[in-house]
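Structure first, then comments.
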Amino acid sequence: MVEGVTYLVKNLGKFLLEEAKFLGGVKEEVKRLTEDLGSMQQSLKDAEEKQYGDPVIHKWVSDIKELSYDIEDMLDVFRLKVHDDSGCFRSVCSCIFDKCKEMVDLHNLSKQIKDFRDRINDLSSKSQEFRLKDSGNSAGEGSSKTTSKLRELRRSVSFAVEENVVGLVDDAQTLLAKLLDDDPRHFIVSIYGMGGLGKTTVAGKLYHHNSVKSKFKNRAWVAVSQDYTTQDLLIRIFKSFDFRVENNEDLKKMDKEDLRRRLHESLQGDSYLLVLDDVWDKEVWRILKAAFPDNKNGRVIMTTRNEEVAKSSDERTHSHRLRKLKEEESWQLFCEKTSQNFNADEELKKLGKEMVQKCNGLPLAIIVLGGMLSNKKPQEWHGVHNHLWRHLKAGSIEINFLLALSFDSLPHQLKPCFLYLGLFPEDSEIIIDQLIYLWVAEGFISENEDCIMEEVAKDYINELINRSLIQVGKRYWGRTITFRVHDLLHDLAIDKAKKFNFLYIYDEIRDSNISSVIPPCPRQAIYYLTERFLSLQNNPHLRSLFLFSIEGIEDEDKGVDFALATLCRKFRCLRVLDIDIPTDVELLKIFDKEIAKLIHLKYLGWHESRIDGSLIYNLQRLQTLVLYNSVIDVKPPTEISRLQELRHLIGRFGPFECGWRLWIENLTKLQTLRFVSLPTWAQIKTEKLVNLRELWLVGEVGCLDEKVFCFDSIANLKSLRILVVRLFSDIMYFSSLQPLSGCPHLMDLRLIGKLEKLPEDIHQVLPNLECLSLKESYLEDDPMPLLEKLPKLTVLNLVEGFYEGKKMMSSANGFQWLEILLLEVADETVEWQVEDGAFPRLKGLHIWQYSSNSSLNYPERLRSLPSPDLHEFQLGPYFPLD
């Protein structure tokens, strides 16, 4: 919240500068309002830390938040009134009517400012009753030191080929042997036990084991949870197996029987492994069973808390109750999570062992306790120890209390970030980039001298991981791109959030007796939109709305459009709107017109492929626009150039259509642009895109007259970190990479298309490159002698036609930092000489060969290296054209 007030103070200052000539005598009043708000910042930080334990202080902080929102509303409405439809300022003397109207506007503005100042004075006087400390510029507990350390860790990419799981080695070996059994018939391996035992962790260890990856050609992982539909579950399994259809949306049009048949046909004749995580209903496997062939070594791993579900889902089931950790295993896990040297401090070791003993062998409790203590100084451990001892139940720590204590120990700036996770459905795989954009839009993040808001938010994510409050999910190119929240921690986030009126979840499927009165709160998530919800409540102060399903709307044409338009009318003050609806629903223009009135929006995620110009023009505070539509014809209008606050423009499942002008030259704050066709990019003047950090480009056949893609336009992007370019035409090719020397921060480069030659000084052109992927490059010379000089290269992916020469050579001092190497060698390439001393840090190697005729000769010492997870090194998590 203090970050939000800081942002508002800055915004008021900007407002004074930009609208000075229209403010007249109100200018001084705006200035005093800015000063009043600035004075409140001094004690607000202390209040934020105390609010979660004191409902009175929480109410005070909430009142400040509401005041901030109201002031922002006032600024935005005034801005809209003094701009005409073309975006030009109104002439003060153009006509008497306009002059009189401006006087009325200023009078109303003056009255509003006076009301705001009265509210500020009232809140300031109340704050004295709370005895709040003047926090000044001090950061939250451990925040500065920890985030600085985490930022440094984030800069060095590291790849763990196989996750180390403390304890339960015997359990994992028993289950692994069962999975690798030669019995060709399919059967279930079920892992059951109480929440927090590590069932998902053990299943993950098995899923990623090298022997399992070698045995099963097809692997899939889906979280089932309590709320599922058969059709949705089948679709998610189909996609997790990475089976392709011509149009993913065709899956949604299939009924359950069609989906079962399609899965059965795709798996027929092949080995497969399916993980069903977090199963609550013994009928789950019964409804899925027909989709899975009963031959060729089919296996299913199921995790569940329910013993009956574990033992009765199928007649061919091996059920395994997961045990708690032994004392020595518990201590080992705790030591790993705290990273503490206990040999130097016997008293600290004694304290630690006493606390671990009370965790009663429950891994989640130990992990959370260790994560919490890892951020505390040794002298603070006594306080945690004493606090735990006062809340013991039956001789052990009540896990819910321990989780709550971990939340209470968070720095104040991380608490709303954690509570925000409760908005997402249970067992969701949350996309980190999306969450960061949302946190920024919510005002949870502020810039500092060292880094932008998105980098600060990444530090927050890393700190939540470090504290074991979230679990790493998918990784791509060495970076974590998704995470999950353990269901016990997810429940904690929801409980705490509801207690402080932070969010509200409407889920008519789980709670059929849901109240007819929805409490007004700033954030709502609708898991299942129904007509009943639309009639329940008007909440003019709602700020964030998430819609995860529209299946409860009976009429899929006018009904959906009307429902969404109704939501927009009810909630005019929205800052965040994310509508995750099926893309095959055709929306009418009613919704377009209503969404155009949401002038406060900072984040908009939706499935529309046509963007109305009036919509774009009014949303001048928009920071993030995410278009989910899979149709490859997204057409942003010229009005997009008005969005001066835009930071992220993302076509999630398709590029902006070739031939359409993308008016972004003046969007100096733009950081992410994904995806853009090459003809569209060719029309963009890139000189002002000084903050662009991530760029994805796609070249379609026949769209360009030129055969060469030059990197000259890329050279202007001084802040670029990630560049992905795909050429679709065989007659097209890349020019020299030399211009990329103008991008000193480039870390990740992925190119698909003819390249032919690498720069002789590539190590100087790309000195900070960590990840490189070349596909269909058809290089004329062996690339190894040049690539091995890249000083920071950690991942190298050379596949499908990268080089067709007879020989490759890697010298003794080459590839000093490389950890992952993926090669797809041509039949012509028969020898790869690797001198001793090359690849000293290589952890994972995978080599494909074009055909059975391929016979690459390379050193035996490399043959023993395990294969990394190949899914991690596809072109990208969102790229539909890989």
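Naming scheme: A, B, ... for chains in displayed order of the structure tokens; residues 1 onward per chain; ligands 1 onward as shown.
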Could you pull out the strand (DSSP E or B) residues of segment 174-323 of chain A, going by DSSP on the backbone, and write them as a PyMOL selection string?
chain A and resi 187-192+218-225+272-279+298-304+317-321
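Omitting Glu776 of chain A and its sequence neighbours fewer than 6 positions away, and counting only C-alpha atoms, the residues within 6 Å are Ile752, Gly753, Lys754, Glu800, Gly801 and Phe802 of chain A.
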Using N, CA and C atoms, can you write the selected residues to a file as a PDB file, in the first residue's frame?
ATOM      1  N   ILE A 752      15.466 -19.351 -35.771  1.00  0.00           N
ATOM      2  CA  ILE A 752      15.093 -20.442 -36.662  1.00  0.00           C
ATOM      3  C   ILE A 752      15.151 -19.906 -38.082  1.00  0.00           C
ATOM      4  N   GLY A 753      16.076 -20.420 -38.880  1.00  0.00           N
ATOM      5  CA  GLY A 753      16.241 -19.955 -40.239  1.00  0.00           C
ATOM      6  C   GLY A 753      17.700 -19.975 -40.641  1.00  0.00           C
ATOM      7  N   LYS A 754      17.958 -19.836 -41.930  1.00  0.00           N
ATOM      8  CA  LYS A 754      19.315 -19.883 -42.467  1.00  0.00           C
ATOM      9  C   LYS A 754      20.163 -18.741 -41.917  1.00  0.00           C
ATOM     10  N   GLU A 800      18.277 -29.608 -35.860  1.00  0.00           N
ATOM     11  CA  GLU A 800      17.648 -29.690 -37.179  1.00  0.00           C
ATOM     12  C   GLU A 800      18.310 -28.798 -38.228  1.00  0.00           C
ATOM     13  N   GLY A 801      19.400 -29.291 -38.764  1.00  0.00           N
ATOM     14  CA  GLY A 801      20.035 -28.595 -39.864  1.00  0.00           C
ATOM     15  C   GLY A 801      20.907 -27.431 -39.458  1.00  0.00           C
ATOM     16  N   PHE A 802      21.435 -27.461 -38.247  1.00  0.00           N
ATOM     17  CA  PHE A 802      22.295 -26.340 -37.846  1.00  0.00           C
ATOM     18  C   PHE A 802      23.636 -26.400 -38.591  1.00  0.00           C
TER      19      PHE A 802
END
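The interatomic distance for the pair atom CA of Trp681 of chain A and atom CA of Leu667 of chain A works out to 14.4 Å.
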Every residue of segment 308-548 of chain A that DSSP places in alpha helix (DSSP H), as number ranges by chain
A: 308-312, 327-338, 346-357, 363-373, 381-389, 399-408, 415-419, 432-442, 453-466, 487-499, 531-534
For atom CA of Lys775 of chain A and atom CA of Leu823 of chain A, determine how far apart the two atoms are, in Å to one decimal place.
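Computing the Euclidean distance for atom CA of Lys775 of chain A and atom CA of Leu823 of chain A yields 10.2 Å.
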For segment 855-862 of chain A, please output as an MDAnalysis selection string all residues within 9 Å (counting only C-alpha atoms; exclusion window: fewer than 6 positions along the same chain).
chainID A and resid 825:835 842 845 849
Residue contacts of Arg119 of chain A (12 Å, only C-alpha atoms) excluding same-chain residues fewer than 3 positions away, as a VMD selection string
chain A and resid 33 36 to 37 40 60 63 to 68 70 to 71 112 to 116 122 to 126
Written file, previous selection with C-alpha atoms, as a short mmCIF file (atom, residue, chain, number, x, y, z; two decimals), in the first residue's frame:
data_model
loop_
_atom_site.label_atom_id
_atom_site.label_comp_id
_atom_site.auth_asym_id
_atom_site.auth_seq_id
_atom_site.Cartn_x
_atom_site.Cartn_y
_atom_site.Cartn_z
CA LEU A 33 -2.83 17.63 -1.60
CA ASP A 36 -0.45 15.99 2.58
CA LEU A 37 -0.20 12.54 0.99
CA MET A 40 1.32 10.06 5.40
CA TRP A 60 -7.05 2.53 8.69
CA ASP A 63 -9.28 3.68 4.26
CA ILE A 64 -6.01 5.11 2.89
CA LYS A 65 -6.17 2.66 0.01
CA GLU A 66 -9.74 3.74 -0.78
CA LEU A 67 -8.70 7.37 -0.58
CA SER A 68 -5.84 6.71 -3.02
CA ASP A 70 -10.63 7.95 -5.28
CA ILE A 71 -7.88 10.48 -5.95
CA GLN A 112 -13.16 17.23 -4.46
CA ILE A 113 -9.64 18.23 -3.44
CA LYS A 114 -10.98 19.91 -0.30
CA ASP A 115 -12.90 16.73 0.58
CA PHE A 116 -9.77 14.64 0.03
CA ASP A 122 -8.88 12.81 9.65
CA LEU A 123 -6.80 9.73 8.86
CA SER A 124 -3.60 11.45 10.03
CA SER A 125 -5.11 12.28 13.39
CA LYS A 126 -6.28 8.68 13.84
#
d(atom CA of Leu755 of chain A, atom CA of Thr686 of chain A) in Å:
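These atoms are spaced 23.0 Å apart.
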Can you pull out the residues contacting Pro363 of chain A? Cut-off 7 Å, using only C-alpha atoms, and skip same-chain residues under 4 positions away; I want them as a PDB file with N, CA and C atoms, in the first residue's frame.
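result.pdb was written with the following content:
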ATOM      1  N   GLY A 196       0.944 -32.327   3.067  1.00  0.00           N
ATOM      2  CA  GLY A 196       2.244 -31.856   3.522  1.00  0.00           C
ATOM      3  C   GLY A 196       3.295 -32.935   3.626  1.00  0.00           C
ATOM      4  N   LEU A 197       2.951 -34.200   3.272  1.00  0.00           N
ATOM      5  CA  LEU A 197       3.924 -35.296   3.372  1.00  0.00           C
ATOM      6  C   LEU A 197       4.917 -35.310   2.216  1.00  0.00           C
ATOM      7  N   GLY A 198       4.588 -34.672   1.106  1.00  0.00           N
ATOM      8  CA  GLY A 198       5.496 -34.664  -0.039  1.00  0.00           C
ATOM      9  C   GLY A 198       5.099 -35.631  -1.133  1.00  0.00           C
ATOM     10  N   LEU A 325       9.094 -38.297   7.653  1.00  0.00           N
ATOM     11  CA  LEU A 325      10.552 -38.339   7.640  1.00  0.00           C
ATOM     12  C   LEU A 325      11.092 -38.821   8.983  1.00  0.00           C
ATOM     13  N   ILE A 367       9.995 -27.628   5.833  1.00  0.00           N
ATOM     14  CA  ILE A 367      10.404 -26.736   4.748  1.00  0.00           C
ATOM     15  C   ILE A 367       9.984 -25.300   5.041  1.00  0.00           C
TER      16      ILE A 367
END
